[in-house]
$ cat query.txt   # compact mmCIF, C-alpha atoms
# COMPACT_ATOMS: atom_id res chain seq x y z
CA MET A 1 -12.33 1.96 -14.78
CA GLY A 2 -13.65 1.54 -18.29
CA MET A 3 -16.96 1.84 -20.07
CA GLY A 4 -19.44 2.37 -17.26
CA THR A 5 -18.22 -0.58 -15.16
CA GLU A 6 -17.78 1.55 -12.06
CA MET A 7 -16.60 -0.58 -9.16
CA PRO A 8 -18.13 -0.16 -5.70
CA PRO A 9 -15.97 1.98 -3.42
CA LEU A 10 -13.19 0.33 -1.47
CA ASP A 11 -13.28 0.67 2.32
CA ILE A 12 -9.81 0.24 3.83
CA ARG A 13 -9.36 0.18 7.58
CA GLU A 14 -6.90 -1.08 10.14
CA ILE A 15 -7.78 -4.34 11.87
CA GLU A 16 -6.69 -5.79 15.20
CA ALA A 17 -5.00 -9.15 15.76
CA GLY A 18 -8.34 -10.69 16.78
CA GLU A 19 -9.82 -9.80 13.38
CA PHE A 20 -7.06 -11.41 11.32
CA GLU A 21 -9.38 -14.28 10.37
CA LEU A 22 -11.05 -11.76 8.03
CA VAL A 23 -7.95 -11.65 5.82
CA TRP A 24 -6.62 -15.16 6.44
CA PRO A 25 -8.34 -16.74 3.38
CA ILE A 26 -6.62 -14.20 1.13
CA PHE A 27 -3.29 -14.47 2.95
CA HIS A 28 -3.41 -18.27 2.73
CA ALA A 29 -4.37 -18.28 -0.98
CA VAL A 30 -1.55 -15.89 -1.89
CA VAL A 31 1.17 -17.52 0.23
CA SER A 32 0.28 -21.12 -0.57
CA ALA A 33 0.60 -20.35 -4.31
CA GLY A 34 4.37 -19.96 -3.80
CA ASP A 35 4.74 -17.48 -6.65
CA THR A 36 5.02 -14.03 -5.03
CA TYR A 37 5.88 -14.21 -1.31
CA ALA A 38 8.88 -15.90 0.31
CA TYR A 39 6.74 -16.86 3.32
CA ASP A 40 6.48 -20.59 4.02
CA PRO A 41 3.56 -21.83 1.87
CA GLU A 42 2.53 -24.00 4.84
CA MET A 43 2.41 -21.01 7.24
CA THR A 44 -0.37 -21.32 9.83
CA LEU A 45 -3.06 -18.80 10.70
CA GLU A 46 -1.35 -18.04 14.01
CA GLU A 47 2.07 -17.51 12.40
CA ALA A 48 0.51 -15.18 9.84
CA ARG A 49 -1.43 -13.31 12.52
CA VAL A 50 1.75 -12.61 14.50
CA LEU A 51 3.68 -11.61 11.38
CA TRP A 52 1.07 -9.14 10.15
CA THR A 53 -0.46 -7.80 13.40
CA ARG A 54 2.13 -7.83 16.19
CA PRO A 55 3.34 -4.26 16.76
CA PRO A 56 5.06 -2.50 15.18
CA ALA A 57 3.33 -4.31 12.26
CA ARG A 58 -0.14 -2.99 11.41
CA CYS A 59 -2.68 -4.82 9.25
CA PHE A 60 -5.30 -3.19 7.06
CA ALA A 61 -8.25 -4.88 5.35
CA ALA A 62 -9.88 -3.67 2.14
CA ARG A 63 -13.59 -4.34 1.70
CA GLN A 64 -15.80 -3.92 -1.34
CA ASP A 65 -19.56 -4.33 -0.82
CA GLY A 66 -18.77 -5.67 2.66
CA VAL A 67 -16.51 -8.44 1.35
CA VAL A 68 -12.80 -8.47 2.25
CA VAL A 69 -10.99 -8.36 -1.11
CA GLY A 70 -7.48 -7.38 -0.03
CA ALA A 71 -5.15 -6.68 2.84
CA TYR A 72 -1.83 -5.06 3.51
CA CYS A 73 0.72 -4.94 6.27
CA LEU A 74 2.64 -1.77 7.16
CA ARG A 75 5.72 -1.88 9.39
CA PRO A 76 9.17 -0.38 9.81
CA ASN A 77 11.55 -1.90 7.25
CA GLN A 78 14.20 -2.24 9.95
CA THR A 79 14.43 -1.68 13.70
CA GLY A 80 16.47 1.00 15.46
CA LEU A 81 18.33 3.31 13.13
CA GLY A 82 16.39 2.10 10.07
CA ASP A 83 12.89 2.49 11.50
CA HIS A 84 12.18 5.73 9.62
CA VAL A 85 11.72 3.70 6.40
CA ALA A 86 8.44 1.80 6.04
CA ASN A 87 7.86 -1.58 4.45
CA ALA A 88 4.54 -2.90 3.18
CA GLY A 89 3.16 -6.09 1.70
CA TYR A 90 -0.11 -6.32 -0.21
CA MET A 91 -2.41 -9.23 -1.01
CA VAL A 92 -5.53 -9.26 -3.19
CA ALA A 93 -8.08 -12.07 -3.27
CA PRO A 94 -7.58 -14.14 -6.43
CA GLU A 95 -11.17 -13.52 -7.54
CA ALA A 96 -10.81 -9.73 -7.06
CA ARG A 97 -7.66 -9.12 -9.09
CA GLY A 98 -7.63 -6.60 -11.91
CA ARG A 99 -9.97 -4.15 -10.16
CA GLY A 100 -7.36 -1.64 -8.95
CA ILE A 101 -7.43 -2.93 -5.37
CA ALA A 102 -3.64 -3.23 -5.00
CA SER A 103 -3.24 0.28 -6.40
CA ALA A 104 -5.80 1.69 -3.93
CA MET A 105 -4.11 -0.12 -1.03
CA CYS A 106 -0.73 1.25 -2.13
CA VAL A 107 -2.07 4.83 -2.08
CA HIS A 108 -3.68 4.18 1.32
CA SER A 109 -0.44 2.69 2.71
CA LEU A 110 1.67 5.62 1.50
CA ASP A 111 -0.70 8.00 3.31
CA ALA A 112 -0.72 5.80 6.44
CA ALA A 113 3.09 5.64 6.39
CA ARG A 114 3.39 9.44 6.04
CA HIS A 115 0.89 9.91 8.86
CA ALA A 116 2.92 7.52 11.05
CA GLY A 117 6.06 9.62 10.47
CA PHE A 118 7.93 7.41 8.01
CA GLN A 119 10.18 9.23 5.52
CA ALA A 120 10.34 6.57 2.80
CA MET A 121 9.01 3.16 1.84
CA GLN A 122 11.03 0.18 0.67
CA PHE A 123 9.97 -3.15 -0.77
CA ASN A 124 12.70 -5.72 -0.12
CA PHE A 125 11.53 -8.67 -2.15
CA VAL A 126 9.56 -8.11 -5.36
CA ALA A 127 9.88 -11.15 -7.62
CA THR A 128 10.84 -10.11 -11.15
CA SER A 129 8.27 -12.64 -12.40
CA ASN A 130 5.55 -10.56 -10.70
CA GLU A 131 5.62 -8.10 -13.61
CA GLY A 132 2.24 -6.54 -12.86
CA ALA A 133 3.36 -5.62 -9.36
CA VAL A 134 6.68 -4.22 -10.59
CA ARG A 135 4.84 -1.97 -13.07
CA LEU A 136 2.27 -0.96 -10.46
CA TRP A 137 4.87 0.04 -7.87
CA GLN A 138 6.76 2.01 -10.54
CA ARG A 139 3.55 3.88 -11.38
CA HIS A 140 3.31 4.77 -7.70
CA GLY A 141 6.78 6.31 -7.68
CA PHE A 142 8.95 3.37 -6.64
CA ALA A 143 12.34 2.98 -8.27
CA ILE A 144 14.24 -0.28 -8.62
CA VAL A 145 17.33 0.26 -6.48
CA GLY A 146 18.68 -3.26 -6.44
CA ARG A 147 18.41 -6.76 -7.83
CA VAL A 148 19.22 -9.97 -5.97
CA PRO A 149 19.93 -12.88 -8.34
CA GLY A 150 17.97 -16.08 -7.73
CA ALA A 151 16.86 -15.05 -4.22
CA PHE A 152 13.32 -16.41 -4.59
CA ARG A 153 12.51 -20.09 -5.08
CA HIS A 154 9.42 -19.59 -7.25
CA ARG A 155 7.15 -22.64 -7.08
CA ARG A 156 6.91 -23.00 -10.89
CA LEU A 157 9.83 -21.02 -12.31
CA GLY A 158 12.56 -22.05 -9.86
CA PRO A 159 15.29 -19.55 -8.87
CA THR A 160 13.97 -16.07 -9.66
CA ASP A 161 15.59 -12.67 -9.17
CA VAL A 162 14.04 -10.24 -6.72
CA LEU A 163 14.01 -6.47 -6.83
CA VAL A 164 14.47 -3.97 -4.03
CA MET A 165 12.21 -0.97 -4.69
CA HIS A 166 12.16 2.36 -2.88
CA ARG A 167 10.49 5.75 -2.83
CA LEU A 168 10.57 8.80 -0.60
CA LEU A 169 7.38 9.87 1.12
$ encode --input "query.txt" --output "structure tokens"
Amino acid sequence: MGMGTEMPPLDIREIEAGEFELVWPIFHAVVSAGDTYAYDPEMTLEEARVLWTRPPARCFAARQDGVVVGAYCLRPNQTGLGDHVANAGYMVAPEARGRGIASAMCVHSLDAARHAGFQAMQFNFVATSNEGAVRLWQRHGFAIVGRVPGAFRHRRLGPTDVLVMHRLL
């Protein structure tokens, strides 16, 4: 942080399915924007709850001064013979962006994935237009290992390439 603007500490903890309402406003804001996630922008609370909390998926909420400012989901990237590679998705409240919350959640998720026995982490669908995220994941050791042309129908930009990013744990 810069110039004496120290942010309050971030408290990140796993939540249960019954607590998903805590992160739903953030999830809904991010998904309905249609500019980063391929999820249906009209996805319901119950669909989101199942997607982010039904095992083997695990959901974590990040709080700052008692307010939920971000969330992430950690799960195996594939089932069966691919379940040693983790996958994660991160969302930050629009009003809390630029505070290092996504970075802190990434560090937390890498530790959680290691602790759970995963050997690597892979992001399957990082929109090239999400330049801040691409740079952030690279700073956290992720390499771009693939590019899928036009795979994302960005709400404003239309067909947008997506990146596959990977790192060992």
$ residues_around --input "query.txt" --residues "Leu10 (chain A)" --least-positions-apart "2" --cutoff "8 Å" --atoms "all atoms listed in the file" --output "VMD selection string"
chain A and resid 8 12 62 to 65 101 104
$ residues_near_point --input "query.txt" --point "(-2.4, 6.5, 8.4)" --cutoff "12 Å" --atoms "only C-alpha atoms" --output "number ranges by chain"
A: 12-14, 58-60, 74-75, 105-118
$ atom_distance --input "query.txt" --atom1 "CA of Gly146 (chain A)" --atom2 "CA of Gln119 (chain A)"
19.3 Å
$ atom_distance --input "query.txt" --atom1 "CA of Val85 (chain A)" --atom2 "CA of Asn124 (chain A)"
11.5 Å
$ closest_residue --input "query.txt" --among "A:Gly70, A:Gly82, A:Pro56, A:Pro41" --to "Ala96 (chain A)" --atoms "all atoms listed in the file"
A:Gly70
